[in-house]
Amino acid sequence: MFVKICGITNEDDALFAVAMGADAVGFIFAPSTRQVAPQVVYDITRRLPPEVLTVGVFKDEHPSRVVEIANKSGVKAVQLHGRETAEQSREIAHNVRYVIKAFGADSPYLSQADQYGTDLVMVDSPGGGTGKLFDWNVVRDVPDSVRLILAGGLDPDNVGGAIRAVEPWGVDVASGVEASPGKKDPSKVRRFIANARDAAPTPYLGPDELPYDWADE
């Protein structure tokens, strides 16, 4: 189970999330109370283990600007959280190794999520980034060929049920593990990751199905 802790604004929270077992940490470059500057993110990303996926979150930014900021900040992946077109997403995917395309649960394009040049697809609250739960049945519209990351209103208490109900490839949380906007609650981070791991299915892993390792690519 891929676990991403998003809305990181400082080094201590990033290091703690990684120490608790997070696979990825996200930094918001879009306008937000959790927005951070590229240089600040660079100072954090260079301190993190190579196997951790660092993600920059953008919303309706020009593709060239997304690539520029990603390179400046040192993130390995970008998350497109706006109304980016399939063409824009594919353009960015040509220049950034990993792209997560996020869709609001009310998006009319969920069934076309496999056309954005990436198989990492997030379904979030309607409007995106509101931290509210939604009807998880909408994820049925997402093509089976993509890796689904569930977000939106998740917290330590409901993430286990969400995983059992939806069976996503991964989960993402920001406000659900905060003490205040931009500051993580260590207890909530620890419980979220532990509960996500406990709820994850554990299928047999044959020799050709080893756990995904970003550092190997």
# chains A, B, ... in the order shown; residues from 1 in each chain; ligands from 1
call {"tool": "residues_around", "arguments": {"residues": "Gly131 (chain A)", "least_positions_apart": "4", "cutoff": "7 Å", "atoms": "only C-alpha atoms", "output": "number ranges by chain"}}
result
A: 125, 152-153, 175
call {"tool": "select_by_dssp", "arguments": {"residues": "region 70-152 of chain A", "states": "strand (DSSP E or B)", "output": "PyMOL selection string"}}
result
chain A and resi 77-80+98-104+120-124+147-150
call {"tool": "residues_around", "arguments": {"residues": "Gly82 (chain A)", "least_positions_apart": "6", "cutoff": "12 Å", "atoms": "only C-alpha atoms", "output": "count of residues only"}}
result
23
call {"tool": "select_by_dssp", "arguments": {"residues": "region 8-125 of chain A", "states": "helix (DSSP H, G or I)", "output": "ChimeraX atom specification"}}
result
/A:11-19,38-45,63-73,86-93,110-115
call {"tool": "write_last_selection", "arguments": {"atoms": "N, CA and C atoms", "output": "CSV table (one decimal), in the first residue's frame"}}
result
chain,number,residue,atom,x,y,z
A,11,GLU,N,11.0,20.6,7.4
A,11,GLU,CA,11.9,19.4,7.4
A,11,GLU,C,11.5,18.4,8.5
A,12,ASP,N,11.2,18.9,9.7
A,12,ASP,CA,10.8,17.9,10.8
A,12,ASP,C,9.7,17.0,10.4
A,13,ASP,N,8.6,17.6,9.8
A,13,ASP,CA,7.5,16.8,9.4
A,13,ASP,C,7.8,15.8,8.3
A,14,ALA,N,8.6,16.3,7.4
A,14,ALA,CA,9.0,15.4,6.3
A,14,ALA,C,9.8,14.2,6.8
A,15,LEU,N,10.8,14.5,7.7
A,15,LEU,CA,11.6,13.4,8.2
A,15,LEU,C,10.8,12.4,9.1
A,16,PHE,N,9.9,13.0,9.9
A,16,PHE,CA,9.1,12.1,10.7
A,16,PHE,C,8.2,11.2,9.9
A,17,ALA,N,7.5,11.8,8.9
A,17,ALA,CA,6.7,11.0,8.0
A,17,ALA,C,7.5,9.8,7.4
A,18,VAL,N,8.7,10.1,6.9
A,18,VAL,CA,9.5,9.1,6.3
A,18,VAL,C,9.9,8.0,7.4
A,19,ALA,N,10.3,8.5,8.6
A,19,ALA,CA,10.6,7.6,9.6
A,19,ALA,C,9.5,6.6,10.0
A,38,PRO,N,10.1,26.8,-3.7
A,38,PRO,CA,10.9,25.8,-4.2
A,38,PRO,C,12.2,25.6,-3.5
A,39,GLN,N,12.9,26.7,-3.1
A,39,GLN,CA,14.1,26.6,-2.4
A,39,GLN,C,14.0,25.9,-1.0
A,40,VAL,N,12.9,26.2,-0.3
A,40,VAL,CA,12.6,25.5,0.9
A,40,VAL,C,12.5,24.0,0.7
A,41,VAL,N,11.8,23.7,-0.3
A,41,VAL,CA,11.6,22.2,-0.7
A,41,VAL,C,12.9,21.6,-1.0
A,42,TYR,N,13.7,22.3,-1.8
A,42,TYR,CA,15.0,21.7,-2.2
A,42,TYR,C,15.9,21.4,-0.9
A,43,ASP,N,15.8,22.3,0.1
A,43,ASP,CA,16.6,22.1,1.3
A,43,ASP,C,16.1,20.9,2.1
A,44,ILE,N,14.8,20.5,1.9
A,44,ILE,CA,14.2,19.4,2.5
A,44,ILE,C,14.5,18.1,1.7
A,45,THR,N,14.2,18.1,0.4
A,45,THR,CA,14.4,16.9,-0.4
A,45,THR,C,15.8,16.4,-0.4
A,63,PRO,N,2.8,24.1,-18.2
A,63,PRO,CA,3.7,23.0,-18.2
A,63,PRO,C,5.1,23.3,-18.1
A,64,SER,N,5.6,24.4,-18.8
A,64,SER,CA,7.0,24.7,-18.7
A,64,SER,C,7.4,25.2,-17.3
A,65,ARG,N,6.4,25.9,-16.6
A,65,ARG,CA,6.7,26.3,-15.3
A,65,ARG,C,6.7,25.2,-14.3
A,66,VAL,N,5.8,24.2,-14.5
A,66,VAL,CA,5.8,23.0,-13.7
A,66,VAL,C,7.2,22.3,-13.7
A,67,VAL,N,7.7,22.1,-14.9
A,67,VAL,CA,9.0,21.5,-15.1
A,67,VAL,C,10.1,22.3,-14.4
A,68,GLU,N,10.0,23.6,-14.6
A,68,GLU,CA,11.1,24.5,-14.0
A,68,GLU,C,11.1,24.4,-12.5
A,69,ILE,N,9.9,24.5,-11.9
A,69,ILE,CA,9.8,24.4,-10.4
A,69,ILE,C,10.2,23.0,-9.9
A,70,ALA,N,9.8,22.0,-10.6
A,70,ALA,CA,10.2,20.6,-10.2
A,70,ALA,C,11.7,20.4,-10.2
A,71,ASN,N,12.3,20.9,-11.2
A,71,ASN,CA,13.8,20.8,-11.3
A,71,ASN,C,14.5,21.7,-10.2
A,72,LYS,N,13.9,22.8,-9.9
A,72,LYS,CA,14.5,23.7,-8.9
A,72,LYS,C,14.4,23.2,-7.5
A,73,SER,N,13.3,22.6,-7.3
A,73,SER,CA,13.0,22.1,-5.9
A,73,SER,C,13.5,20.7,-5.6
A,86,ALA,N,-5.4,16.6,-21.0
A,86,ALA,CA,-4.6,15.4,-21.3
A,86,ALA,C,-3.3,15.7,-22.0
A,87,GLU,N,-3.4,16.7,-23.0
A,87,GLU,CA,-2.2,17.1,-23.7
A,87,GLU,C,-1.2,17.8,-22.8
A,88,GLN,N,-1.6,18.6,-21.9
A,88,GLN,CA,-0.7,19.3,-21.0
A,88,GLN,C,0.0,18.3,-20.1
A,89,SER,N,-0.8,17.3,-19.6
A,89,SER,CA,-0.3,16.3,-18.7
A,89,SER,C,0.8,15.5,-19.4
A,90,ARG,N,0.5,15.1,-20.6
A,90,ARG,CA,1.5,14.3,-21.4
A,90,ARG,C,2.7,15.1,-21.7
A,91,GLU,N,2.6,16.4,-21.9
A,91,GLU,CA,3.8,17.2,-22.1
A,91,GLU,C,4.7,17.2,-20.9
A,92,ILE,N,4.1,17.4,-19.7
A,92,ILE,CA,4.8,17.4,-18.5
A,92,ILE,C,5.4,16.0,-18.2
A,93,ALA,N,4.7,14.9,-18.6
A,93,ALA,CA,5.2,13.6,-18.4
A,93,ALA,C,6.4,13.3,-19.2
A,110,LEU,N,-13.2,11.2,-15.3
A,110,LEU,CA,-12.7,10.1,-14.6
A,110,LEU,C,-12.5,8.8,-15.5
A,111,SER,N,-13.5,8.6,-16.4
A,111,SER,CA,-13.4,7.4,-17.2
A,111,SER,C,-12.3,7.6,-18.3
A,112,GLN,N,-11.7,8.8,-18.5
A,112,GLN,CA,-10.7,9.0,-19.4
A,112,GLN,C,-9.3,9.2,-18.7
A,113,ALA,N,-9.2,8.8,-17.5
A,113,ALA,CA,-8.0,9.0,-16.7
A,113,ALA,C,-6.8,8.3,-17.2
A,114,ASP,N,-7.0,7.3,-18.1
A,114,ASP,CA,-5.9,6.6,-18.7
A,114,ASP,C,-5.3,7.3,-19.9
A,115,GLN,N,-5.7,8.5,-20.2
A,115,GLN,CA,-5.3,9.2,-21.4
A,115,GLN,C,-4.4,10.4,-21.1
call {"tool": "atom_distance", "arguments": {"atom1": "CA of Ala174 (chain A)", "atom2": "CA of Val121 (chain A)"}}
result
16.9 Å
call {"tool": "atom_distance", "arguments": {"atom1": "CA of Leu154 (chain A)", "atom2": "CA of Val173 (chain A)"}}
result
6.0 Å
call {"tool": "atom_distance", "arguments": {"atom1": "CA of Val78 (chain A)", "atom2": "CA of Leu53 (chain A)"}}
result
10.0 Å
call {"tool": "closest_residue", "arguments": {"among": "A:Val75, A:Ala37, A:Leu120, A:Val142", "to": "Pro108 (chain A)", "atoms": "only C-alpha atoms"}}
result
A:Val142
call {"tool": "closest_residue", "arguments": {"among": "A:Gly176, A:Gly117, A:Gly160, A:Pro168", "to": "Arg140 (chain A)", "atoms": "only C-alpha atoms"}}
result
A:Pro168
call {"tool": "closest_residue", "arguments": {"among": "A:Arg197, A:Lys188, A:Lys183, A:Arg147", "to": "Val3 (chain A)", "atoms": "only C-alpha atoms"}}
result
A:Arg197
call {"tool": "residues_around", "arguments": {"residues": "Pro156 (chain A)", "least_positions_apart": "3", "cutoff": "6 Å", "atoms": "only C-alpha atoms", "output": "list in words"}}
result
Val159, Arg191 and Phe192 of chain A
call {"tool": "write_last_selection", "arguments": {"atoms": "C-alpha atoms", "output": "CSV table (one decimal), in the first residue's frame"}}
result
chain,number,residue,atom,x,y,z
A,159,VAL,CA,-8.3,5.1,6.2
A,191,ARG,CA,-1.6,6.1,13.2
A,192,PHE,CA,-2.5,6.9,9.6
call {"tool": "closest_residue", "arguments": {"among": "A:Arg83, A:Trp169, A:Ile193, A:Lys76", "to": "Asn95 (chain A)", "atoms": "only C-alpha atoms"}}
result
A:Lys76
